[in-house]
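A.B. asks: Just one file: data11.txt, with compact mmCIF, C-alpha atoms and all ligand atoms.
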```txt
# COMPACT_ATOMS: atom_id res chain seq x y z
CA MET E 49 81.37 115.74 113.37
CA ASP E 50 77.81 115.26 114.46
CA ASP E 51 76.61 115.18 110.87
CA ASN E 52 78.88 112.27 110.09
CA ARG E 53 77.99 110.42 113.24
CA ALA E 54 74.27 110.98 112.81
CA ASP E 55 74.43 109.78 109.22
CA ASN E 56 76.35 106.71 110.18
CA GLU E 57 74.17 105.72 113.08
CA ASN E 58 70.94 106.32 111.23
CA GLY E 59 72.26 104.63 108.13
CA SER E 60 71.15 107.65 106.10
CA ALA E 61 73.46 107.07 103.17
CA ASN E 62 72.65 108.41 99.73
CA GLY E 63 70.01 106.73 97.58
CA ASP E 64 72.35 104.59 95.51
CA ARG E 65 74.02 103.14 98.52
CA ASN E 66 70.75 102.41 100.29
CA GLN E 67 69.67 100.49 97.26
CA GLN E 68 72.93 98.59 97.24
CA GLN E 69 72.58 97.63 100.89
CA GLU E 70 69.08 96.29 100.24
CA GLU E 71 70.52 93.96 97.63
CA ARG E 72 73.12 92.61 100.04
CA PRO E 73 72.65 90.33 103.04
CA GLU E 74 72.83 91.76 106.54
CA GLU E 75 76.20 93.18 107.61
CA SER E 76 77.10 92.33 111.17
CA ILE E 77 80.10 94.53 111.96
CA CYS E 78 79.50 98.20 112.71
CA PHE E 79 82.30 100.74 112.22
CA SER E 80 80.69 103.69 114.03
CA GLY E 81 81.85 104.71 117.50
CA LYS E 82 84.70 102.19 117.54
CA THR E 83 88.28 102.15 118.81
CA ILE E 84 90.36 100.04 116.48
CA LEU E 85 93.78 98.40 116.36
CA ALA E 86 95.44 99.43 113.08
CA PRO E 87 97.05 97.08 110.59
CA MET E 88 100.78 96.85 111.31
CA VAL E 89 103.12 94.49 109.47
CA ARG E 90 104.66 91.93 111.83
CA THR E 91 102.87 93.56 114.78
CA SER E 92 99.12 93.10 114.28
CA THR E 93 99.40 89.33 114.52
CA LEU E 94 97.11 87.10 116.59
CA PRO E 95 98.64 87.69 120.08
CA MET E 96 98.64 91.48 119.64
CA ARG E 97 95.10 91.43 118.27
CA LEU E 98 93.76 89.31 121.12
CA LEU E 99 95.51 91.39 123.76
CA SER E 100 94.13 94.59 122.22
CA LEU E 101 90.60 93.13 122.23
CA ARG E 102 90.96 91.99 125.84
CA PHE E 103 92.16 95.47 126.79
CA GLY E 104 89.12 97.09 125.16
CA ALA E 105 89.67 97.53 121.41
CA ASP E 106 86.38 97.07 119.56
CA ILE E 107 87.83 95.95 116.23
CA VAL E 108 91.28 94.69 115.19
CA TYR E 109 92.91 94.66 111.75
CA THR E 110 95.44 92.09 110.60
CA GLU E 111 98.78 93.17 109.23
CA GLU E 112 98.67 93.65 105.45
CA LEU E 113 98.50 90.26 103.73
CA ILE E 114 99.46 90.28 100.07
CA ASP E 115 96.81 88.70 97.85
CA TYR E 116 99.12 86.44 95.82
CA LYS E 117 100.71 85.07 99.00
CA LEU E 118 97.33 84.34 100.54
CA ILE E 119 96.06 82.64 97.41
CA ARG E 120 98.87 80.11 97.63
CA CYS E 121 97.74 79.05 101.12
CA GLN E 122 95.75 76.08 102.33
CA ARG E 123 93.18 76.67 105.07
CA VAL E 124 93.95 74.26 107.90
CA VAL E 125 92.02 73.85 111.16
CA ASN E 126 94.54 73.46 113.97
CA PRO E 127 92.85 71.53 116.81
CA VAL E 128 95.90 71.71 119.06
CA LEU E 129 95.95 75.52 119.19
CA GLY E 130 92.25 76.04 118.49
CA THR E 131 93.10 78.17 115.46
CA VAL E 132 92.49 78.36 111.75
CA ASP E 133 95.78 78.61 109.88
CA TYR E 134 96.52 79.67 106.33
CA ILE E 135 99.70 77.84 105.41
CA ASP E 136 101.73 78.33 102.25
CA ASP E 137 103.63 75.76 100.18
CA GLN E 138 106.75 76.36 102.28
CA ALA E 139 104.80 75.44 105.46
CA VAL E 140 104.84 79.08 106.62
CA VAL E 141 101.77 80.24 108.56
CA VAL E 142 100.81 83.34 106.62
CA PHE E 143 97.69 84.07 108.68
CA ARG E 144 96.48 82.57 111.95
CA THR E 145 93.16 83.39 113.58
CA CYS E 146 90.75 81.99 116.18
CA ALA E 147 87.09 82.16 117.21
CA GLU E 148 87.66 84.80 119.90
CA GLU E 149 88.36 87.50 117.31
CA ARG E 150 86.20 86.23 114.44
CA ASP E 151 83.40 88.82 114.67
CA ARG E 152 85.74 91.76 115.29
CA LEU E 153 88.51 90.95 112.83
CA VAL E 154 89.22 92.84 109.63
CA LEU E 155 91.71 91.22 107.26
CA GLN E 156 93.74 93.76 105.31
CA LEU E 157 94.70 92.85 101.76
CA GLY E 158 97.56 94.25 99.75
CA THR E 159 96.50 94.11 96.11
CA ASN E 160 96.55 95.82 92.74
CA ASP E 161 94.27 93.42 90.93
CA PRO E 162 90.49 93.01 91.35
CA GLN E 163 90.31 89.31 90.48
CA ARG E 164 93.27 88.32 92.62
CA ALA E 165 91.85 90.35 95.50
CA LEU E 166 88.53 88.58 95.08
CA THR E 167 90.13 85.13 95.07
CA ALA E 168 92.00 85.97 98.29
CA ALA E 169 88.93 87.53 99.90
CA ARG E 170 86.75 84.51 99.13
CA LEU E 171 89.37 82.20 100.58
CA VAL E 172 89.33 83.92 103.99
CA ALA E 173 85.80 85.37 104.09
CA ALA E 174 84.34 82.79 106.48
CA ASP E 175 87.02 83.46 109.09
CA VAL E 176 86.82 87.26 109.29
CA ALA E 177 84.19 89.95 109.92
CA ALA E 178 85.30 92.25 107.08
CA ILE E 179 87.97 92.72 104.44
CA ASP E 180 90.01 95.89 103.99
CA VAL E 181 92.14 97.07 101.08
CA ASN E 182 95.40 98.83 101.87
CA MET E 183 95.57 102.02 99.81
CA GLY E 184 98.01 103.88 102.02
CA CYS E 185 101.29 102.02 102.31
CA PRO E 186 104.15 104.22 101.01
CA LYS E 187 106.85 101.53 101.18
CA SER E 188 108.75 100.84 97.95
CA PHE E 189 107.66 97.17 97.99
CA SER E 190 104.02 98.30 97.77
CA ILE E 191 104.54 101.14 95.32
CA LYS E 192 106.63 99.03 92.92
CA GLY E 193 103.90 96.39 92.99
CA GLY E 194 101.23 99.01 92.22
CA MET E 195 99.70 98.44 95.68
CA GLY E 196 99.18 100.59 98.79
CA SER E 197 99.47 104.31 98.16
CA ALA E 198 100.22 103.69 94.46
CA LEU E 199 96.45 103.22 94.19
CA LEU E 200 95.64 106.72 95.48
CA THR E 201 96.17 108.23 92.04
CA GLN E 202 94.33 105.47 90.16
CA PRO E 203 90.63 106.02 90.93
CA ASP E 204 89.46 103.63 88.20
CA LYS E 205 91.56 100.81 89.63
CA VAL E 206 90.40 101.69 93.15
CA TYR E 207 86.78 101.45 92.03
CA ASP E 208 87.35 98.18 90.18
CA ILE E 209 89.03 96.49 93.12
CA LEU E 210 86.49 97.64 95.70
CA ARG E 211 83.45 97.06 93.51
CA THR E 212 84.63 93.57 92.59
CA LEU E 213 85.04 92.75 96.28
CA VAL E 214 81.70 94.30 97.27
CA MET E 215 79.81 92.39 94.59
CA GLY E 216 81.72 89.13 94.82
CA THR E 217 81.99 88.31 98.51
CA GLY E 218 78.35 87.57 99.37
CA GLY E 219 77.71 90.60 101.55
CA LYS E 220 80.99 90.55 103.46
CA PRO E 221 81.68 94.14 104.54
CA ILE E 222 84.51 95.69 102.51
CA THR E 223 86.52 98.68 103.75
CA ALA E 224 89.45 100.74 102.51
CA LYS E 225 92.34 102.47 104.27
CA ILE E 226 93.86 105.49 102.55
CA ARG E 227 96.30 108.31 103.13
CA VAL E 228 95.20 111.84 102.29
CA LEU E 229 96.13 113.42 98.95
CA PRO E 230 97.91 116.82 98.82
CA SER E 231 94.65 118.84 98.84
CA ILE E 232 91.32 118.34 100.61
CA GLU E 233 89.54 118.55 97.23
CA GLN E 234 91.64 115.75 95.72
CA THR E 235 91.03 113.63 98.79
CA LEU E 236 87.29 114.27 98.73
CA SER E 237 87.12 113.31 95.10
CA LEU E 238 88.86 109.97 95.81
CA VAL E 239 86.56 109.39 98.77
CA LYS E 240 83.56 109.82 96.48
CA VAL E 241 84.91 107.09 94.20
CA ILE E 242 85.46 104.80 97.19
CA GLU E 243 81.95 105.45 98.52
CA SER E 244 80.42 104.81 95.12
CA ALA E 245 81.97 101.33 95.10
CA GLY E 246 79.73 100.45 98.06
CA VAL E 247 82.27 100.01 100.83
CA THR E 248 81.11 99.87 104.46
CA ALA E 249 83.72 102.17 106.05
CA LEU E 250 86.86 104.14 105.26
CA ALA E 251 89.96 104.62 107.44
CA ILE E 252 91.99 107.75 106.73
CA HIS E 253 95.59 108.35 107.76
CA GLY E 254 95.99 112.13 107.71
CA ARG E 255 99.41 112.20 106.03
CA THR E 256 100.23 112.19 102.33
CA GLN E 257 102.25 109.47 100.62
CA CYS E 258 105.45 111.53 101.02
CA GLU E 259 104.89 112.56 104.63
CA ARG E 260 106.53 110.75 107.52
CA PRO E 261 105.40 110.27 111.15
CA LYS E 262 107.28 113.44 112.19
CA ASP E 263 105.02 115.52 109.93
CA PRO E 264 101.78 116.70 111.55
CA ASN E 265 98.69 114.62 110.90
CA ARG E 266 96.20 116.58 108.82
CA ASN E 267 93.28 116.22 111.23
CA HIS E 268 91.39 119.01 109.43
CA TYR E 269 91.41 116.97 106.19
CA ILE E 270 89.88 114.03 108.02
CA GLU E 271 87.34 116.37 109.63
CA ALA E 272 86.33 117.79 106.23
CA ILE E 273 85.84 114.29 104.83
CA ALA E 274 83.94 113.02 107.88
CA ARG E 275 81.56 115.99 107.59
CA THR E 276 80.41 115.01 104.10
CA ALA E 277 80.96 111.26 104.00
CA THR E 278 78.01 108.90 103.80
CA ILE E 279 79.86 106.00 105.43
CA PRO E 280 81.70 105.79 108.76
CA VAL E 281 85.10 107.47 108.58
CA ILE E 282 87.79 106.08 110.87
CA ALA E 283 90.41 108.65 111.91
CA ASN E 284 94.03 107.49 111.89
CA GLY E 285 97.44 109.05 112.28
CA GLY E 286 97.01 110.45 115.78
CA SER E 287 99.40 108.32 117.80
CA ASP E 288 101.71 111.28 118.49
CA GLU E 289 98.82 112.95 120.31
CA ILE E 290 97.63 109.78 122.08
CA GLY E 291 99.55 109.11 125.29
CA VAL E 292 96.70 107.97 127.55
CA HIS E 293 93.25 106.56 126.90
CA ALA E 294 91.50 109.94 127.32
CA ASP E 295 93.52 111.30 124.36
CA ILE E 296 91.61 108.95 122.06
CA LYS E 297 88.46 110.98 122.72
CA ARG E 298 90.35 114.21 122.00
CA PHE E 299 91.63 112.84 118.68
CA ARG E 300 88.11 111.66 117.84
CA GLN E 301 86.80 115.17 118.49
CA SER E 302 89.53 116.96 116.56
CA THR E 303 88.91 114.80 113.48
CA GLY E 304 85.11 114.81 113.71
CA CYS E 305 85.00 111.03 113.44
CA SER E 306 83.14 108.61 115.64
CA SER E 307 85.82 105.94 115.19
CA VAL E 308 89.55 106.04 115.76
CA MET E 309 92.25 103.63 114.56
CA ILE E 310 95.50 103.43 116.54
CA ALA E 311 98.85 102.03 115.38
CA ARG E 312 102.04 103.29 117.06
CA ALA E 313 100.46 104.17 120.43
CA ALA E 314 99.16 100.60 120.62
CA GLN E 315 102.47 99.17 119.45
CA LYS E 316 104.14 101.08 122.29
CA ASN E 317 101.67 99.87 124.92
CA CYS E 318 98.39 98.30 123.88
CA SER E 319 96.80 98.93 127.26
CA ILE E 320 96.02 102.29 125.60
CA PHE E 321 92.71 100.57 124.78
CA MET E 322 91.82 100.23 128.48
CA ALA E 323 89.39 102.81 129.78
CA ARG E 324 91.59 103.96 132.66
CA ASP E 325 93.65 107.02 133.51
CA GLU E 326 97.07 105.39 133.22
CA LEU E 327 98.62 102.76 131.02
CA LEU E 328 99.40 99.38 132.53
CA PRO E 329 103.06 98.95 133.49
CA MET E 330 105.08 97.60 130.54
CA ASP E 331 106.17 94.45 132.36
CA GLU E 332 102.52 93.50 132.90
CA VAL E 333 101.70 94.11 129.21
CA ILE E 334 104.78 92.15 128.11
CA LYS E 335 103.85 89.24 130.37
CA GLN E 336 100.33 89.01 128.96
CA TYR E 337 101.61 89.42 125.39
CA LEU E 338 104.22 86.68 125.77
CA GLU E 339 101.65 84.34 127.30
CA LEU E 340 99.51 84.78 124.20
CA CYS E 341 102.56 84.29 121.95
CA ILE E 342 103.19 80.98 123.69
CA ASP E 343 99.52 79.93 123.69
CA TYR E 344 99.27 80.58 119.96
CA ASP E 345 102.79 79.50 119.00
CA ASN E 346 103.60 82.89 117.51
CA HIS E 347 106.70 82.77 115.33
CA VAL E 348 109.67 84.31 117.10
CA SER E 349 110.36 86.65 114.15
CA ASN E 350 106.92 88.20 114.74
CA THR E 351 107.18 88.44 118.51
CA PHE E 352 108.00 92.05 119.33
CA ILE E 353 108.53 93.84 122.56
CA HIS E 354 108.82 97.54 121.98
C1 LIG S 1 105.23 98.88 112.35
C2 LIG S 1 104.15 99.44 111.45
C3 LIG S 1 103.61 98.64 110.48
C4 LIG S 1 102.57 99.12 109.65
N1 LIG S 1 101.98 98.28 108.76
C5 LIG S 1 100.86 98.69 108.08
C6 LIG S 1 100.10 97.79 107.29
O1 LIG S 1 100.38 96.58 107.22
N2 LIG S 1 99.02 98.29 106.63
C7 LIG S 1 98.64 99.60 106.72
O2 LIG S 1 97.64 100.00 106.11
N3 LIG S 1 99.34 100.47 107.48
C8 LIG S 1 100.41 100.04 108.18
N4 LIG S 1 101.05 100.91 109.02
C9 LIG S 1 100.54 102.28 109.17
C10 LIG S 1 99.56 102.34 110.36
O3 LIG S 1 98.47 101.45 110.20
C11 LIG S 1 99.02 103.77 110.55
O4 LIG S 1 98.34 104.17 109.39
C12 LIG S 1 100.12 104.79 110.83
O5 LIG S 1 101.09 104.29 111.74
C13 LIG S 1 99.51 106.07 111.43
O6 LIG S 1 98.75 105.78 112.60
P1 LIG S 1 99.32 106.07 114.08
O7 LIG S 1 99.56 107.55 114.18
O8 LIG S 1 98.25 105.60 115.01
O9 LIG S 1 100.62 105.32 114.22
C14 LIG S 1 102.10 100.45 109.82
C15 LIG S 1 102.68 101.26 110.80
C16 LIG S 1 103.67 100.77 111.62
C17 LIG S 1 104.25 101.66 112.70
```
Would you write out, as structure tokens, the structure that this file holds?
Ligand SMILES: Cc1cc2nc3c(=O)[nH]c(=O)nc-3n(C[C@H](O)[C@H](O)[C@H](O)COP(=O)(O)O)c2cc1C

C.D. replies:
Amino acid sequence: MDDNRADNENGSANGDRNQQQEERPEESICFSGKTILAPMVRTSTLPMRLLSLRFGADIVYTEELIDYKLIRCQRVVNPVLGTVDYIDDQAVVVFRTCAEERDRLVLQLGTNDPQRALTAARLVAADVAAIDVNMGCPKSFSIKGGMGSALLTQPDKVYDILRTLVMGTGGKPITAKIRVLPSIEQTLSLVKVIESAGVTALAIHGRTQCERPKDPNRNHYIEAIARTATIPVIANGGSDEIGVHADIKRFRQSTGCSSVMIARAAQKNCSIFMARDELLPMDEVIKQYLELCIDYDNHVSNTFIH
């Protein structure tokens, strides 16, 4: 654990990567020692992201946004709401953001094509702090489209997508989110490919493509990767062991990572990000969430109370 953290904080990456960073402009978002809201489709929308930040999350991810859908959007400044909206040709708001989250927001792309990913990334780059590529989604929509966890067994494609984004977005930090492969060795080998593309951080969900939430998270895989990685590793998959805020530290320790990404525990009650012994009562969380939904005109189909 300490090795990974020390490397990350001292920036002591391998020689190639150091060289790469020198060629790129300054990166402003740091992924070490962070507690992060995970990407969740139809959940990690603007109200949920803002509430999580106000409760104490350091970084928030958008839900997965598919590159070809984003590319069809127009960027529109919305002075009434104080937001920037990406609106498609059917007048649907595909992505809405605002200044409050700008420096802590990671936009997650669903993609299987380097050039399309780059076009989408360039479109949104000014409004986000970093761009992530989803390489973990096991849903049939993603797999059939060659996206998400379909990428885990295509290291050349993984490299092409990430390298194209790293080189083409003017220094915007690029990250990836993966699931583990069946063995630690296979996972480590994929991680090496990802690192070599020059990404800034890597989130790892400790379940394989076939495993479901009821299966145990492979914390020891994440720990093995964090020990050797040259970039910050963000541990994910621990929601079943995170009931109160203090459990985040325990998950961090058991995975050897300095950063933790939380999905279901935050979906259940996002006051999990507050540094306090107990969660806030649900009615208080719901009230604050609904106020944000109203303030930011969140579409009713994306307004969830769990
Ligand atoms: C409702 C829901 C939607 C999700 N959508 C995404 C997504 O858009 N992109 C992604 O990479 N993972 C997605 N995930 C997976 C989570 O980000 C996370 O990897 C997984 O739930 C394990 O973390 P946890 O134990 O903290 O829940 C989703 C999970 C849930 C429960």

A.B. asks: Could you give me, as a PyMOL selection string, every polymer residue with an atom at most 9 Å away from an atom of ligand LIG 1 (chain S), counting only C-alpha atoms and all ligand atoms?

C.D. replies: chain E and resi 85-92+109-113+156-158+180-186+196+224-227+251-255+261+265+283-290+308-315

A.B. asks: At a cut-off of 12 Å around the point (85.0, 86.7, 111.3) (file coordinates), what residues fall inside when counting only C-alpha atoms? I'd like the answer as a ChimeraX atom specification.

C.D. replies: /E:75-77,107-110,132,145-155,172-179,220-221

A.B. asks: Produce a file of the selected residues containing C-alpha atoms, as a compact mmCIF listing (two decimals), in the frame of the given file.

C.D. replies:
```txt
# COMPACT_ATOMS: atom_id res chain seq x y z
CA GLU E 75 76.20 93.18 107.61
CA SER E 76 77.10 92.33 111.17
CA ILE E 77 80.10 94.53 111.96
CA ILE E 107 87.83 95.95 116.23
CA VAL E 108 91.28 94.69 115.19
CA TYR E 109 92.91 94.66 111.75
CA THR E 110 95.44 92.09 110.60
CA VAL E 132 92.49 78.36 111.75
CA THR E 145 93.16 83.39 113.58
CA CYS E 146 90.75 81.99 116.18
CA ALA E 147 87.09 82.16 117.21
CA GLU E 148 87.66 84.80 119.90
CA GLU E 149 88.36 87.50 117.31
CA ARG E 150 86.20 86.23 114.44
CA ASP E 151 83.40 88.82 114.67
CA ARG E 152 85.74 91.76 115.29
CA LEU E 153 88.51 90.95 112.83
CA VAL E 154 89.22 92.84 109.63
CA LEU E 155 91.71 91.22 107.26
CA VAL E 172 89.33 83.92 103.99
CA ALA E 173 85.80 85.37 104.09
CA ALA E 174 84.34 82.79 106.48
CA ASP E 175 87.02 83.46 109.09
CA VAL E 176 86.82 87.26 109.29
CA ALA E 177 84.19 89.95 109.92
CA ALA E 178 85.30 92.25 107.08
CA ILE E 179 87.97 92.72 104.44
CA LYS E 220 80.99 90.55 103.46
CA PRO E 221 81.68 94.14 104.54
```

A.B. asks: In the coordinates of the file, take the point (96.7, 88.8, 120.8) and a cut-off of 10 Å; then, counting all atoms listed in the file, name each qualifying protein, DNA or RNA residue as a list in words.

C.D. replies: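 Here is the list of nearby residues: Thr91, Ser92, Thr93, Leu94, Pro95, Met96, Arg97, Leu98, Leu99, Ser100, Leu101, Arg102, Val108, Thr145, Glu148, Glu149, Gln336, Tyr337, Leu338, Glu339, Leu340, Cys341, Asp343, Tyr344 and Asn346 of chain E.
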
A.B. asks: Write the residues of the selection above to a file with C-alpha atoms, as a compact mmCIF listing (two decimals), keeping the file's coordinate frame.

C.D. replies:
```txt
# COMPACT_ATOMS: atom_id res chain seq x y z
CA THR E 91 102.87 93.56 114.78
CA SER E 92 99.12 93.10 114.28
CA THR E 93 99.40 89.33 114.52
CA LEU E 94 97.11 87.10 116.59
CA PRO E 95 98.64 87.69 120.08
CA MET E 96 98.64 91.48 119.64
CA ARG E 97 95.10 91.43 118.27
CA LEU E 98 93.76 89.31 121.12
CA LEU E 99 95.51 91.39 123.76
CA SER E 100 94.13 94.59 122.22
CA LEU E 101 90.60 93.13 122.23
CA ARG E 102 90.96 91.99 125.84
CA VAL E 108 91.28 94.69 115.19
CA THR E 145 93.16 83.39 113.58
CA GLU E 148 87.66 84.80 119.90
CA GLU E 149 88.36 87.50 117.31
CA GLN E 336 100.33 89.01 128.96
CA TYR E 337 101.61 89.42 125.39
CA LEU E 338 104.22 86.68 125.77
CA GLU E 339 101.65 84.34 127.30
CA LEU E 340 99.51 84.78 124.20
CA CYS E 341 102.56 84.29 121.95
CA ASP E 343 99.52 79.93 123.69
CA TYR E 344 99.27 80.58 119.96
CA ASN E 346 103.60 82.89 117.51
```

A.B. asks: From the options E:Arg164, E:Arg266, E:Lys335, E:Arg260, which residue's atoms come nearest to Gly216 of chain E, counting all atoms listed in the file?

C.D. replies: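 Ranking E:Arg164, E:Arg266, E:Lys335, E:Arg260 by distance to Gly216 of chain E, first place goes to E:Arg164.
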
A.B. asks: Which distance in Å separates atom CA of Ala168 of chain E and atom CA of Arg144 of chain E, to one decimal?

C.D. replies: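 One can read the atom CA of Ala168 of chain E to atom CA of Arg144 of chain E distance as 14.8 Å.
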
A.B. asks: Write out as a compact mmCIF listing (two decimals) with C-alpha atoms, keeping the file's coordinate frame each polymer residue whose atoms come within 10 Å of Asp161 of chain E, counting only C-alpha atoms; drop sequence neighbours fewer than 5 positions from it.

C.D. replies:
```txt
# COMPACT_ATOMS: atom_id res chain seq x y z
CA ASP E 115 96.81 88.70 97.85
CA TYR E 116 99.12 86.44 95.82
CA LEU E 166 88.53 88.58 95.08
CA GLY E 194 101.23 99.01 92.22
CA MET E 195 99.70 98.44 95.68
CA LYS E 205 91.56 100.81 89.63
CA VAL E 206 90.40 101.69 93.15
CA ASP E 208 87.35 98.18 90.18
CA ILE E 209 89.03 96.49 93.12
CA THR E 212 84.63 93.57 92.59
```

A.B. asks: Between E:Ile232, E:Val128, E:Thr223, E:Ala272, which has the minimum distance to Cys78 of chain E (counting all atoms listed in the file)?

C.D. replies: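 Checking each of E:Ile232, E:Val128, E:Thr223, E:Ala272 against Cys78 of chain E, counting all atoms listed in the file, the winner is E:Thr223.
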
A.B. asks: Between atom CA of Val241 of chain E and atom CA of Thr256 of chain E, what is the spacing in Å?

C.D. replies: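 Between atom CA of Thr256 of chain E and atom CA of Val241 of chain E the gap is 18.1 Å.
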
A.B. asks: Give me the residues near Phe103 of chain E as a CSV table (one decimal) with C-alpha atoms, keeping the file's coordinate frame, where near means some atom within 9 Å (using only C-alpha atoms) and where sequence neighbours in that chain fewer than 4 positions away do not count.

C.D. replies:
```
chain,number,residue,atom,x,y,z
E,98,LEU,CA,93.8,89.3,121.1
E,99,LEU,CA,95.5,91.4,123.8
E,318,CYS,CA,98.4,98.3,123.9
E,319,SER,CA,96.8,98.9,127.3
E,320,ILE,CA,96.0,102.3,125.6
E,321,PHE,CA,92.7,100.6,124.8
E,322,MET,CA,91.8,100.2,128.5
E,323,ALA,CA,89.4,102.8,129.8
```

A.B. asks: Have segment 278-290 of chain E completed to N, CA, C and O atoms, please, and pass it along as a JSON list (two decimals), in the frame of the given file.

C.D. replies:
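Output contents, as saved in part_17.json:
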```json
[["chain", "number", "residue", "atom", "x", "y", "z"],
["E", 278, "THR", "N", 79.27, 109.61, 103.58],
["E", 278, "THR", "CA", 78.01, 108.90, 103.80],
["E", 278, "THR", "C", 78.25, 107.55, 104.47],
["E", 278, "THR", "O", 77.32, 106.79, 104.69],
["E", 279, "ILE", "N", 79.51, 107.25, 104.74],
["E", 279, "ILE", "CA", 79.86, 106.00, 105.43],
["E", 279, "ILE", "C", 80.73, 106.37, 106.64],
["E", 279, "ILE", "O", 81.30, 107.47, 106.67],
["E", 280, "PRO", "N", 80.83, 105.49, 107.63],
["E", 280, "PRO", "CA", 81.70, 105.79, 108.76],
["E", 280, "PRO", "C", 83.14, 106.06, 108.33],
["E", 280, "PRO", "O", 83.70, 105.29, 107.54],
["E", 281, "VAL", "N", 83.70, 107.14, 108.83],
["E", 281, "VAL", "CA", 85.10, 107.47, 108.58],
["E", 281, "VAL", "C", 85.88, 107.18, 109.87],
["E", 281, "VAL", "O", 85.46, 107.60, 110.96],
["E", 282, "ILE", "N", 86.97, 106.47, 109.72],
["E", 282, "ILE", "CA", 87.79, 106.08, 110.87],
["E", 282, "ILE", "C", 89.06, 106.93, 110.84],
["E", 282, "ILE", "O", 89.83, 106.85, 109.88],
["E", 283, "ALA", "N", 89.25, 107.75, 111.88],
["E", 283, "ALA", "CA", 90.41, 108.65, 111.91],
["E", 283, "ALA", "C", 91.67, 107.90, 112.31],
["E", 283, "ALA", "O", 91.66, 107.13, 113.27],
["E", 284, "ASN", "N", 92.76, 108.16, 111.60],
["E", 284, "ASN", "CA", 94.03, 107.49, 111.89],
["E", 284, "ASN", "C", 95.17, 108.50, 111.72],
["E", 284, "ASN", "O", 95.04, 109.49, 111.02],
["E", 285, "GLY", "N", 96.27, 108.19, 112.40],
["E", 285, "GLY", "CA", 97.44, 109.05, 112.28],
["E", 285, "GLY", "C", 97.70, 109.86, 113.53],
["E", 285, "GLY", "O", 98.60, 110.69, 113.57],
["E", 286, "GLY", "N", 96.95, 109.60, 114.59],
["E", 286, "GLY", "CA", 97.01, 110.45, 115.78],
["E", 286, "GLY", "C", 97.88, 109.95, 116.91],
["E", 286, "GLY", "O", 97.86, 110.52, 118.00],
["E", 287, "SER", "N", 98.67, 108.92, 116.68],
["E", 287, "SER", "CA", 99.40, 108.32, 117.80],
["E", 287, "SER", "C", 100.30, 109.31, 118.54],
["E", 287, "SER", "O", 100.50, 109.17, 119.75],
["E", 288, "ASP", "N", 100.84, 110.31, 117.81],
["E", 288, "ASP", "CA", 101.71, 111.28, 118.49],
["E", 288, "ASP", "C", 100.94, 112.11, 119.52],
["E", 288, "ASP", "O", 101.53, 112.69, 120.42],
["E", 289, "GLU", "N", 99.62, 112.18, 119.35],
["E", 289, "GLU", "CA", 98.82, 112.95, 120.31],
["E", 289, "GLU", "C", 98.02, 112.03, 121.24],
["E", 289, "GLU", "O", 97.13, 112.48, 121.95],
["E", 290, "ILE", "N", 98.34, 110.72, 121.22],
["E", 290, "ILE", "CA", 97.63, 109.78, 122.08],
["E", 290, "ILE", "C", 98.62, 109.13, 123.04],
["E", 290, "ILE", "O", 99.35, 108.20, 122.69]]
```
